[in-house]
$ cat data_26.txt   # compact mmCIF, C-alpha atoms
# COMPACT_ATOMS: atom_id res chain seq x y z
CA MET A 8 -78.25 23.83 -65.67
CA THR A 9 -79.42 27.35 -64.99
CA GLY A 10 -77.25 30.15 -63.78
CA GLU A 11 -78.94 29.99 -60.40
CA ASP A 12 -77.67 26.45 -59.99
CA THR A 13 -74.03 27.36 -60.46
CA ALA A 14 -71.60 27.92 -57.58
CA ALA A 15 -70.86 31.42 -58.88
CA ALA A 16 -74.47 32.40 -58.41
CA HIS A 17 -74.13 31.61 -54.71
CA GLY A 18 -70.99 33.70 -54.33
CA LYS A 19 -68.62 30.78 -54.79
CA PHE A 20 -66.38 30.00 -57.71
CA GLY A 21 -65.87 26.26 -57.33
CA LEU A 22 -62.14 26.67 -56.61
CA GLY A 23 -60.12 24.82 -53.99
CA ARG A 24 -61.45 22.71 -51.12
CA PRO A 25 -62.02 23.12 -47.40
CA ALA A 26 -58.79 23.02 -45.37
CA LEU A 27 -58.18 19.79 -43.48
CA PRO A 28 -58.00 19.99 -39.66
CA GLU A 29 -54.29 19.13 -39.68
CA GLU A 30 -53.65 21.89 -42.24
CA VAL A 31 -55.44 24.43 -40.07
CA ALA A 32 -53.47 23.24 -37.04
CA ALA A 33 -50.17 23.81 -38.87
CA TRP A 34 -51.02 27.49 -39.33
CA ASP A 35 -52.87 28.05 -36.06
CA LEU A 36 -49.94 28.81 -33.74
CA ASP A 37 -51.64 31.32 -31.47
CA ILE A 38 -50.88 31.01 -27.74
CA LEU A 39 -53.35 32.82 -25.48
CA PRO A 40 -52.45 34.43 -22.12
CA ASP A 41 -54.17 31.61 -20.23
CA GLY A 42 -51.97 29.02 -21.97
CA THR A 43 -54.55 27.90 -24.50
CA GLY A 44 -52.76 26.63 -27.61
CA LEU A 45 -49.55 25.58 -25.87
CA PRO A 46 -47.99 22.46 -27.41
CA GLU A 47 -46.86 19.40 -25.51
CA GLY A 48 -43.25 19.49 -24.34
CA GLU A 49 -40.94 21.03 -21.75
CA GLY A 50 -37.55 22.67 -21.43
CA ASP A 51 -35.20 23.56 -18.57
CA VAL A 52 -33.01 26.64 -18.09
CA TRP A 53 -29.65 25.02 -18.83
CA THR A 54 -30.84 23.32 -22.00
CA GLY A 55 -32.23 26.72 -22.95
CA GLU A 56 -28.82 28.29 -22.39
CA GLU A 57 -27.31 25.93 -24.97
CA VAL A 58 -30.14 26.47 -27.47
CA PHE A 59 -29.89 30.23 -26.94
CA ALA A 60 -26.12 30.21 -27.42
CA ASP A 61 -26.44 28.28 -30.69
CA ASN A 62 -29.33 30.21 -32.19
CA CYS A 63 -29.74 33.62 -30.53
CA ALA A 64 -26.56 34.83 -28.85
CA VAL A 65 -25.04 36.18 -32.06
CA CYS A 66 -27.72 38.91 -32.04
CA HIS A 67 -28.97 39.03 -28.47
CA GLY A 68 -25.75 38.29 -26.55
CA ASP A 69 -24.83 35.32 -24.39
CA PHE A 70 -26.81 36.77 -21.49
CA ALA A 71 -29.71 38.27 -23.49
CA GLU A 72 -28.07 41.68 -23.03
CA GLY A 73 -28.20 42.54 -26.75
CA VAL A 74 -25.42 42.99 -29.30
CA ASP A 75 -24.93 46.34 -31.04
CA ASN A 76 -28.41 47.49 -32.13
CA TRP A 77 -30.08 44.08 -31.76
CA PRO A 78 -32.72 44.04 -29.01
CA LYS A 79 -31.96 43.43 -25.36
CA LEU A 80 -34.15 40.67 -23.95
CA ALA A 81 -33.20 41.05 -20.28
CA GLY A 82 -32.95 43.91 -17.81
CA GLY A 83 -34.77 47.21 -17.74
CA MET A 84 -36.58 46.58 -14.46
CA ASP A 85 -38.08 49.77 -13.01
CA THR A 86 -37.27 51.84 -16.12
CA LEU A 87 -40.74 52.12 -17.67
CA ASP A 88 -41.29 55.50 -16.01
CA HIS A 89 -37.97 56.83 -17.34
CA GLU A 90 -37.62 59.11 -20.32
CA ASP A 91 -35.87 56.32 -22.25
CA PRO A 92 -37.23 53.02 -20.83
CA LEU A 93 -35.65 49.66 -21.61
CA LYS A 94 -38.46 47.38 -22.76
CA THR A 95 -37.53 43.72 -22.42
CA VAL A 96 -39.31 40.43 -21.78
CA GLY A 97 -38.77 40.97 -18.07
CA SER A 98 -39.57 44.66 -17.77
CA TYR A 99 -42.34 45.23 -20.31
CA TRP A 100 -44.07 42.17 -21.77
CA PRO A 101 -47.29 41.54 -19.83
CA TYR A 102 -47.87 37.89 -20.78
CA LEU A 103 -45.49 34.96 -21.05
CA SER A 104 -47.61 33.70 -23.95
CA THR A 105 -46.36 36.67 -25.99
CA ALA A 106 -42.75 35.58 -25.56
CA PHE A 107 -43.44 31.92 -26.28
CA ASP A 108 -45.64 32.66 -29.30
CA TYR A 109 -43.14 35.09 -30.83
CA VAL A 110 -40.12 32.80 -30.38
CA ARG A 111 -42.01 29.80 -31.72
CA ARG A 112 -43.44 31.70 -34.69
CA SER A 113 -40.61 34.01 -35.75
CA MET A 114 -37.25 32.97 -34.30
CA PRO A 115 -34.41 32.39 -34.90
CA PHE A 116 -34.00 35.17 -37.41
CA GLY A 117 -33.78 33.71 -40.91
CA ALA A 118 -34.76 30.23 -39.75
CA ALA A 119 -38.19 30.73 -38.24
CA GLN A 120 -40.11 27.65 -37.02
CA THR A 121 -37.08 25.36 -37.22
CA LEU A 122 -36.94 24.85 -33.43
CA SER A 123 -38.70 21.97 -31.75
CA ASP A 124 -41.35 22.78 -29.14
CA ASP A 125 -39.01 21.46 -26.44
CA ASP A 126 -36.31 23.88 -27.64
CA VAL A 127 -38.77 26.78 -27.55
CA TYR A 128 -39.79 25.89 -23.99
CA ALA A 129 -36.12 25.69 -22.97
CA MET A 130 -35.15 28.95 -24.68
CA VAL A 131 -38.02 30.86 -23.09
CA ALA A 132 -37.05 29.36 -19.71
CA TYR A 133 -33.53 30.72 -20.19
CA ILE A 134 -34.84 34.18 -21.11
CA LEU A 135 -36.96 34.15 -17.94
CA TYR A 136 -33.91 33.12 -15.93
CA SER A 137 -31.87 35.93 -17.51
CA ASN A 138 -34.52 38.33 -16.17
CA ASP A 139 -34.36 36.82 -12.65
CA LEU A 140 -37.96 35.62 -12.97
CA VAL A 141 -37.25 31.92 -12.35
CA ASP A 142 -34.57 29.89 -10.59
CA ASP A 143 -31.90 27.90 -12.39
CA ASP A 144 -33.72 24.59 -11.79
CA PHE A 145 -36.96 25.78 -13.42
CA VAL A 146 -38.58 23.64 -16.12
CA LEU A 147 -41.12 25.35 -18.39
CA SER A 148 -44.08 23.33 -19.66
CA LYS A 149 -47.86 23.54 -20.06
CA GLU A 150 -48.15 22.66 -16.38
CA THR A 151 -45.75 25.36 -15.09
CA PHE A 152 -46.55 28.07 -17.65
CA LEU A 153 -49.00 29.99 -15.46
CA ASP A 154 -46.69 29.76 -12.43
CA VAL A 155 -44.53 32.52 -13.92
CA GLU A 156 -45.51 36.03 -12.83
CA MET A 157 -44.62 38.71 -15.36
CA PRO A 158 -43.74 42.01 -13.58
CA ASN A 159 -45.69 44.21 -16.00
CA ALA A 160 -48.83 42.07 -16.17
CA ASP A 161 -50.92 44.93 -14.73
CA GLY A 162 -49.11 47.69 -16.56
CA PHE A 163 -51.48 48.02 -19.51
CA ILE A 164 -54.86 49.78 -19.74
CA VAL A 165 -57.82 49.40 -22.08
CA ASP A 166 -57.63 51.70 -25.10
CA ASP A 167 -60.68 53.91 -24.55
CA ARG A 168 -59.70 56.75 -26.88
CA ALA A 169 -62.70 56.13 -29.14
CA GLU A 170 -64.99 57.07 -26.25
CA THR A 171 -62.86 59.64 -24.42
CA GLU A 172 -60.95 61.52 -27.12
CA LEU A 173 -62.34 60.90 -30.59
CA GLY A 174 -65.19 63.36 -30.12
CA ILE A 175 -62.82 66.12 -29.08
CA PHE A 176 -60.66 65.86 -32.19
CA SER A 177 -63.35 65.00 -34.73
CA ALA A 178 -65.61 68.02 -34.07
CA GLU A 179 -65.84 70.89 -36.54
CA PRO A 180 -62.59 72.85 -36.06
CA CYS A 181 -62.51 76.53 -35.20
CA MET A 182 -60.69 78.39 -37.97
CA GLU A 183 -61.14 82.08 -37.05
CA ASN A 184 -61.09 84.20 -33.87
CA CYS A 185 -61.03 81.13 -31.65
CA LYS A 186 -59.69 83.07 -28.63
CA ASP A 187 -60.22 86.61 -27.49
CA SER A 188 -56.52 87.15 -26.82
CA VAL A 189 -53.24 85.23 -26.98
CA GLU A 190 -50.71 85.50 -24.17
CA ILE A 191 -47.26 83.96 -23.71
CA THR A 192 -47.44 81.84 -20.55
CA MET A 193 -44.24 79.79 -20.90
CA ARG A 194 -40.92 80.19 -22.64
CA ALA A 195 -38.86 77.66 -24.60
CA ALA A 196 -36.24 76.11 -22.32
CA VAL A 197 -33.78 74.78 -24.93
CA LEU A 198 -34.01 77.03 -27.96
CA ASP A 199 -34.60 80.76 -27.85
CA VAL A 200 -37.66 80.61 -30.07
CA THR A 201 -40.20 82.48 -27.95
CA PRO A 202 -40.94 85.82 -29.64
CA GLU A 203 -40.10 88.89 -27.61
CA GLU A 204 -42.50 91.76 -27.11
CA GLU A 205 -41.39 94.88 -28.93
CA GLY A 206 -38.65 96.70 -26.99
CA ALA A 207 -38.40 94.05 -24.24
CA GLU A 208 -34.95 92.83 -25.30
CA GLU A 209 -33.50 96.35 -25.28
CA ALA A 210 -34.98 97.09 -21.88
CA ALA A 211 -33.59 93.88 -20.38
CA ALA A 212 -30.11 94.63 -21.74
CA ALA A 213 -30.14 98.18 -20.35
CA GLU A 214 -31.38 97.17 -16.87
CA PRO A 215 -28.49 97.28 -14.32
CA ALA A 216 -27.75 94.35 -12.01
CA PRO A 217 -26.27 95.96 -8.87
CA GLU A 218 -26.54 92.85 -6.71
CA ALA A 219 -24.57 90.59 -9.07
CA ALA A 220 -21.10 91.39 -7.71
CA GLU A 221 -22.40 91.29 -4.15
CA ASP A 222 -23.96 87.85 -4.71
CA SER A 223 -20.73 86.56 -6.21
CA THR A 224 -18.78 87.70 -3.16
CA GLU A 225 -21.23 86.04 -0.79
CA MET A 226 -21.13 82.82 -2.82
CA ALA A 227 -17.33 82.77 -2.79
CA ALA A 228 -17.31 83.30 0.97
CA ALA A 229 -19.87 80.53 1.52
CA THR A 230 -17.83 78.18 -0.65
CA THR A 231 -14.69 78.93 1.33
CA GLU A 232 -16.41 78.44 4.67
CA SER A 233 -17.98 75.11 3.64
CA ALA A 234 -14.92 73.70 1.89
CA PRO A 235 -14.56 70.02 2.84
CA GLU A 236 -11.60 68.63 4.70
CA PRO A 237 -8.85 67.22 2.46
CA ALA A 238 -9.70 63.67 1.39
CA ALA A 239 -7.91 60.93 3.25
CA GLU A 240 -5.23 59.14 1.32
CA ALA A 241 -6.71 56.28 -0.69
CA GLU A 242 -6.06 52.80 0.59
CA SER A 243 -3.70 50.62 -1.35
CA PRO A 244 -5.05 47.38 -2.93
CA GLU A 245 -3.20 45.43 -0.23
CA GLU A 246 -4.99 47.41 2.52
CA VAL A 247 -8.39 46.89 0.88
CA THR A 248 -7.68 43.15 0.66
CA GLU A 249 -6.69 42.99 4.34
CA VAL A 250 -9.87 44.83 5.38
CA ALA A 251 -12.03 42.50 3.26
CA ALA A 252 -10.38 39.45 4.78
CA ALA A 253 -10.56 40.77 8.33
CA GLY A 254 -14.30 40.25 8.83
CA ALA A 255 -16.97 38.04 7.32
CA PRO A 256 -19.30 39.77 4.84
CA ASP A 257 -22.84 40.74 5.84
CA PRO A 258 -25.09 37.64 5.53
CA GLU A 259 -27.94 39.67 4.02
CA LEU A 260 -25.57 41.11 1.42
CA VAL A 261 -24.30 37.60 0.66
CA ALA A 262 -27.87 36.38 0.15
CA ALA A 263 -28.54 39.26 -2.22
CA GLY A 264 -25.28 38.47 -4.02
CA GLU A 265 -26.37 34.88 -4.55
CA LYS A 266 -29.33 36.16 -6.58
CA VAL A 267 -27.13 38.53 -8.59
CA PHE A 268 -24.68 35.68 -9.24
CA LYS A 269 -27.38 33.98 -11.33
CA LYS A 270 -26.20 36.27 -14.11
CA CYS A 271 -22.74 34.69 -13.83
CA LYS A 272 -23.66 31.01 -13.51
CA ALA A 273 -23.65 30.44 -17.25
CA CYS A 274 -19.86 30.76 -17.20
CA HIS A 275 -18.69 30.53 -13.57
CA GLN A 276 -19.13 28.23 -10.57
CA VAL A 277 -18.44 28.61 -6.87
CA GLY A 278 -18.73 26.33 -3.86
CA ASP A 279 -18.01 22.64 -3.32
CA GLY A 280 -17.48 20.71 -6.55
CA ALA A 281 -17.08 23.85 -8.66
CA LYS A 282 -15.40 23.36 -12.03
CA ASN A 283 -13.92 25.63 -14.66
CA LYS A 284 -16.45 26.28 -17.43
CA VAL A 285 -16.36 29.06 -20.01
CA GLY A 286 -14.95 31.12 -17.16
CA PRO A 287 -12.78 30.07 -14.20
CA ILE A 288 -13.87 28.84 -10.77
CA LEU A 289 -14.36 31.85 -8.50
CA ASN A 290 -13.68 30.21 -5.14
CA GLY A 291 -11.04 32.25 -3.31
CA ILE A 292 -10.93 34.98 -5.95
CA VAL A 293 -11.01 37.80 -3.37
CA GLY A 294 -7.40 38.45 -2.43
CA ARG A 295 -5.96 36.43 -5.33
CA SER A 296 -3.68 37.78 -8.04
CA VAL A 297 -5.43 38.38 -11.35
CA GLY A 298 -5.15 35.55 -13.89
CA THR A 299 -3.88 32.90 -11.49
CA GLY A 300 -6.85 30.55 -11.02
CA GLU A 301 -5.75 26.94 -11.19
CA GLY A 302 -6.41 24.97 -14.38
CA PHE A 303 -7.89 27.82 -16.44
CA LYS A 304 -6.41 29.33 -19.58
CA TYR A 305 -6.53 33.09 -19.09
CA SER A 306 -6.19 35.75 -21.74
CA LYS A 307 -2.83 37.45 -22.16
CA VAL A 308 -4.04 40.72 -20.65
CA MET A 309 -5.24 38.95 -17.51
CA ILE A 310 -1.92 37.18 -17.03
CA GLU A 311 0.03 40.38 -17.58
CA ALA A 312 -2.19 42.25 -15.11
CA GLY A 313 -1.49 39.64 -12.44
CA GLU A 314 2.23 39.67 -13.14
CA GLY A 315 2.10 43.44 -12.78
CA GLY A 316 0.74 43.12 -9.25
CA MET A 317 -3.01 43.48 -9.76
CA VAL A 318 -5.05 41.70 -7.09
CA TRP A 319 -8.76 40.91 -7.03
CA ASP A 320 -10.04 42.88 -4.04
CA ALA A 321 -13.36 44.62 -3.43
CA ALA A 322 -12.27 47.71 -5.35
CA THR A 323 -10.92 45.97 -8.46
CA LEU A 324 -13.83 43.52 -8.59
CA ASN A 325 -16.35 46.36 -8.39
CA GLU A 326 -14.67 48.25 -11.20
CA TYR A 327 -14.18 45.16 -13.35
CA LEU A 328 -17.71 43.80 -12.96
CA ALA A 329 -19.20 47.21 -13.78
CA ASN A 330 -17.60 47.18 -17.24
CA PRO A 331 -15.32 44.19 -17.95
CA LYS A 332 -14.35 45.18 -21.48
CA SER A 333 -13.35 48.69 -20.48
CA PHE A 334 -11.46 47.70 -17.31
CA LEU A 335 -9.09 45.26 -19.03
CA LYS A 336 -9.23 45.70 -22.78
CA GLY A 337 -8.72 42.44 -24.65
CA ASN A 338 -9.97 40.06 -21.92
CA LYS A 339 -12.36 37.26 -22.88
CA MET A 340 -15.26 38.16 -20.60
CA SER A 341 -18.36 38.75 -22.76
CA PHE A 342 -20.64 39.94 -19.93
CA ALA A 343 -21.79 43.55 -20.41
CA GLY A 344 -21.46 44.39 -16.71
CA LEU A 345 -23.59 45.08 -13.64
CA LYS A 346 -25.08 48.56 -13.64
CA LYS A 347 -26.33 48.90 -10.05
CA ALA A 348 -23.89 49.67 -7.24
CA GLU A 349 -25.89 47.53 -4.82
CA ASP A 350 -25.60 44.54 -7.17
CA LEU A 351 -21.82 45.01 -7.38
CA ASP A 352 -21.45 45.16 -3.61
CA ALA A 353 -23.70 42.13 -3.17
CA VAL A 354 -21.92 39.87 -5.65
CA VAL A 355 -18.49 40.80 -4.21
CA ALA A 356 -19.78 39.88 -0.75
CA TYR A 357 -21.04 36.59 -2.16
CA LEU A 358 -17.60 35.87 -3.63
CA GLN A 359 -15.96 36.79 -0.31
CA ALA A 360 -18.12 34.12 1.31
CA HIS A 361 -16.48 31.46 -0.91
CA PRO A 362 -12.79 31.53 0.12
$ encode --input "data_26.txt" --output "structure tokens"
Amino acid sequence: MTGEDTAAAHGKFGLGRPALPEEVAAWDLDILPDGTGLPEGEGDVWTGEEVFADNCAVCHGDFAEGVDNWPKLAGGMDTLDHEDPLKTVGSYWPYLSTAFDYVRRSMPFGAAQTLSDDDVYAMVAYILYSNDLVDDDFVLSKETFLDVEMPNADGFIVDDRAETELGIFSAEPCMENCKDSVEITMRAAVLDVTPEEEGAEEAAAAEPAPEAAEDSTEMAAATTESAPEPAAEAESPEEVTEVAAAGAPDPELVAAGEKVFKKCKACHQVGDGAKNKVGPILNGIVGRSVGTGEGFKYSKVMIEAGEGGMVWDAATLNEYLANPKSFLKGNKMSFAGLKKAEDLDAVVAYLQAHP
């Protein structure tokens, strides 16, 4: 046998064998934006809540709100133009396939690829629900995958820097006398690092400011003239409760509150047939003493607050739901809180509508 007849001569070394189709399939987990590659199976929101609680909540929180420095998976809507945006599945990820593929391939942490495809479908459905992208009766599957609209689907652009910028920064650099003159056009706003022209600092210090005292007098006079009337005496909790009970809440606000209440459904129920779950039934909570819901075992701090006269009215509910842990330290509520004032008002109105 000549050397030309050997496998090595043809760039091969005679090692191994071609991978079998089933072996390739085991590694080929890619899910494309159009749903190509999705496995068979399905999962609903409430099954996903259970799977999420068992496998993900320790890092990502019961409501996908994040724990300590672990990532938040929900929230962040309308923050991408902020200085410090919150990038979550709901606010940032352009394709649902990205979420499904990542969960299926890499989660849960330390036990990747131990979940069944049905569990992955269910968990992703729960994450979508936590971002208010689907309703609580949604079932995720190959058939419903493309029904989900991701808010940031159109928020990405093609990377054209190779055509538009590379030439600018790869040209021969100017290293000497690149400008005829250099002028200071702006000054540092935080640190005093802009060099002063010679003698400018001394001149500024010596320059009198005759109008300063006059301006101060005018400002003081204007402040006195525009001083607001003394604030009316704050209403007592009993008065707030009576006002809330006097008239029915705004129907539009109630409808908005029903959507916000989706964040609470994992632990609380309202309406006909409501039952105590992780949290108590919330029927009739507005106007009720704290820690007195029937058939629920409240924390000690809740019971003591109620015995001390605290009542759930619009004011206390707003403050509590904004930051439960801070409002009553030691209570069992794990929810991080509602951050928007309009959401707080809406969910209180929704609770008022369930006496």
$ atom_distance --input "data_26.txt" --atom1 "CA of Lys284 in chain A" --atom2 "CA of Lys79 in chain A"
24.4 Å
$ residues_near_point --input "data_26.txt" --point "(-36.6, 29.0, -27.2)" --cutoff "7 Å" --atoms "only C-alpha atoms" --output "PDB file with C-alpha atoms, keeping the file's coordinate frame"
ATOM      1  CA  GLY A  55     -32.230  26.720 -22.950  1.00  0.00           C
ATOM      2  CA  VAL A  58     -30.140  26.470 -27.470  1.00  0.00           C
ATOM      3  CA  PHE A  59     -29.890  30.230 -26.940  1.00  0.00           C
ATOM      4  CA  VAL A 110     -40.120  32.800 -30.380  1.00  0.00           C
ATOM      5  CA  ASP A 126     -36.310  23.880 -27.640  1.00  0.00           C
ATOM      6  CA  VAL A 127     -38.770  26.780 -27.550  1.00  0.00           C
ATOM      7  CA  TYR A 128     -39.790  25.890 -23.990  1.00  0.00           C
ATOM      8  CA  ALA A 129     -36.120  25.690 -22.970  1.00  0.00           C
ATOM      9  CA  MET A 130     -35.150  28.950 -24.680  1.00  0.00           C
ATOM     10  CA  VAL A 131     -38.020  30.860 -23.090  1.00  0.00           C
TER      11      VAL A 131
END
$ residues_around --input "data_26.txt" --residues "range 263-278 of chain A" --least-positions-apart "3" --cutoff "6 Å" --atoms "all atoms listed in the file" --output "ChimeraX atom specification"
/A:260,281,284-290,353-354,357
$ atom_distance --input "data_26.txt" --atom1 "CA of Gly294 in chain A" --atom2 "CA of Gly337 in chain A"
22.6 Å
$ atom_distance --input "data_26.txt" --atom1 "CA of Asp125 in chain A" --atom2 "CA of Trp100 in chain A"
21.8 Å
$ residues_around --input "data_26.txt" --residues "range 143-145 of chain A" --least-positions-apart "6" --cutoff "9 Å" --atoms "only C-alpha atoms" --output "tab-separated table (two decimals) with C-alpha atoms, in the frame of the given file"
chain	number	residue	atom	x	y	z
A	50	GLY	CA	-37.55	22.67	-21.43
A	51	ASP	CA	-35.20	23.56	-18.57
A	52	VAL	CA	-33.01	26.64	-18.09
A	53	TRP	CA	-29.65	25.02	-18.83
A	132	ALA	CA	-37.05	29.36	-19.71
A	133	TYR	CA	-33.53	30.72	-20.19
A	136	TYR	CA	-33.91	33.12	-15.93
A	151	THR	CA	-45.75	25.36	-15.09
A	269	LYS	CA	-27.38	33.98	-11.33
A	272	LYS	CA	-23.66	31.01	-13.51
$ closest_residue --input "data_26.txt" --among "A:Pro101, A:Gly280, A:Pro362, A:Gly315" --to "Val297 in chain A" --atoms "all atoms listed in the file"
A:Gly315
$ residues_around --input "data_26.txt" --residues "Gln359 in chain A" --least-positions-apart "2" --cutoff "9 Å" --atoms "all atoms listed in the file" --output "PyMOL selection string"
chain A and resi 251-252+255-256+261+290-294+321+354-357+361-362
$ write_last_selection --input "data_26.txt" --atoms "C-alpha atoms" --output "PDB file, in the frame of the given file"
ATOM      1  CA  ALA A 251     -12.030  42.500   3.260  1.00  0.00           C
ATOM      2  CA  ALA A 252     -10.380  39.450   4.780  1.00  0.00           C
ATOM      3  CA  ALA A 255     -16.970  38.040   7.320  1.00  0.00           C
ATOM      4  CA  PRO A 256     -19.300  39.770   4.840  1.00  0.00           C
ATOM      5  CA  VAL A 261     -24.300  37.600   0.660  1.00  0.00           C
ATOM      6  CA  ASN A 290     -13.680  30.210  -5.140  1.00  0.00           C
ATOM      7  CA  GLY A 291     -11.040  32.250  -3.310  1.00  0.00           C
ATOM      8  CA  ILE A 292     -10.930  34.980  -5.950  1.00  0.00           C
ATOM      9  CA  VAL A 293     -11.010  37.800  -3.370  1.00  0.00           C
ATOM     10  CA  GLY A 294      -7.400  38.450  -2.430  1.00  0.00           C
ATOM     11  CA  ALA A 321     -13.360  44.620  -3.430  1.00  0.00           C
ATOM     12  CA  VAL A 354     -21.920  39.870  -5.650  1.00  0.00           C
ATOM     13  CA  VAL A 355     -18.490  40.800  -4.210  1.00  0.00           C
ATOM     14  CA  ALA A 356     -19.780  39.880  -0.750  1.00  0.00           C
ATOM     15  CA  TYR A 357     -21.040  36.590  -2.160  1.00  0.00           C
ATOM     16  CA  HIS A 361     -16.480  31.460  -0.910  1.00  0.00           C
ATOM     17  CA  PRO A 362     -12.790  31.530   0.120  1.00  0.00           C
TER      18      PRO A 362
END
$ closest_residue --input "data_26.txt" --among "A:Gly174, A:Lys304, A:Thr323, A:Ile134" --to "Ala60 in chain A" --atoms "only C-alpha atoms"
A:Ile134
$ closest_residue --input "data_26.txt" --among "A:Ile164, A:Asp37, A:Asp91, A:Asp139" --to "Ala106 in chain A" --atoms "all atoms listed in the file"
A:Asp37
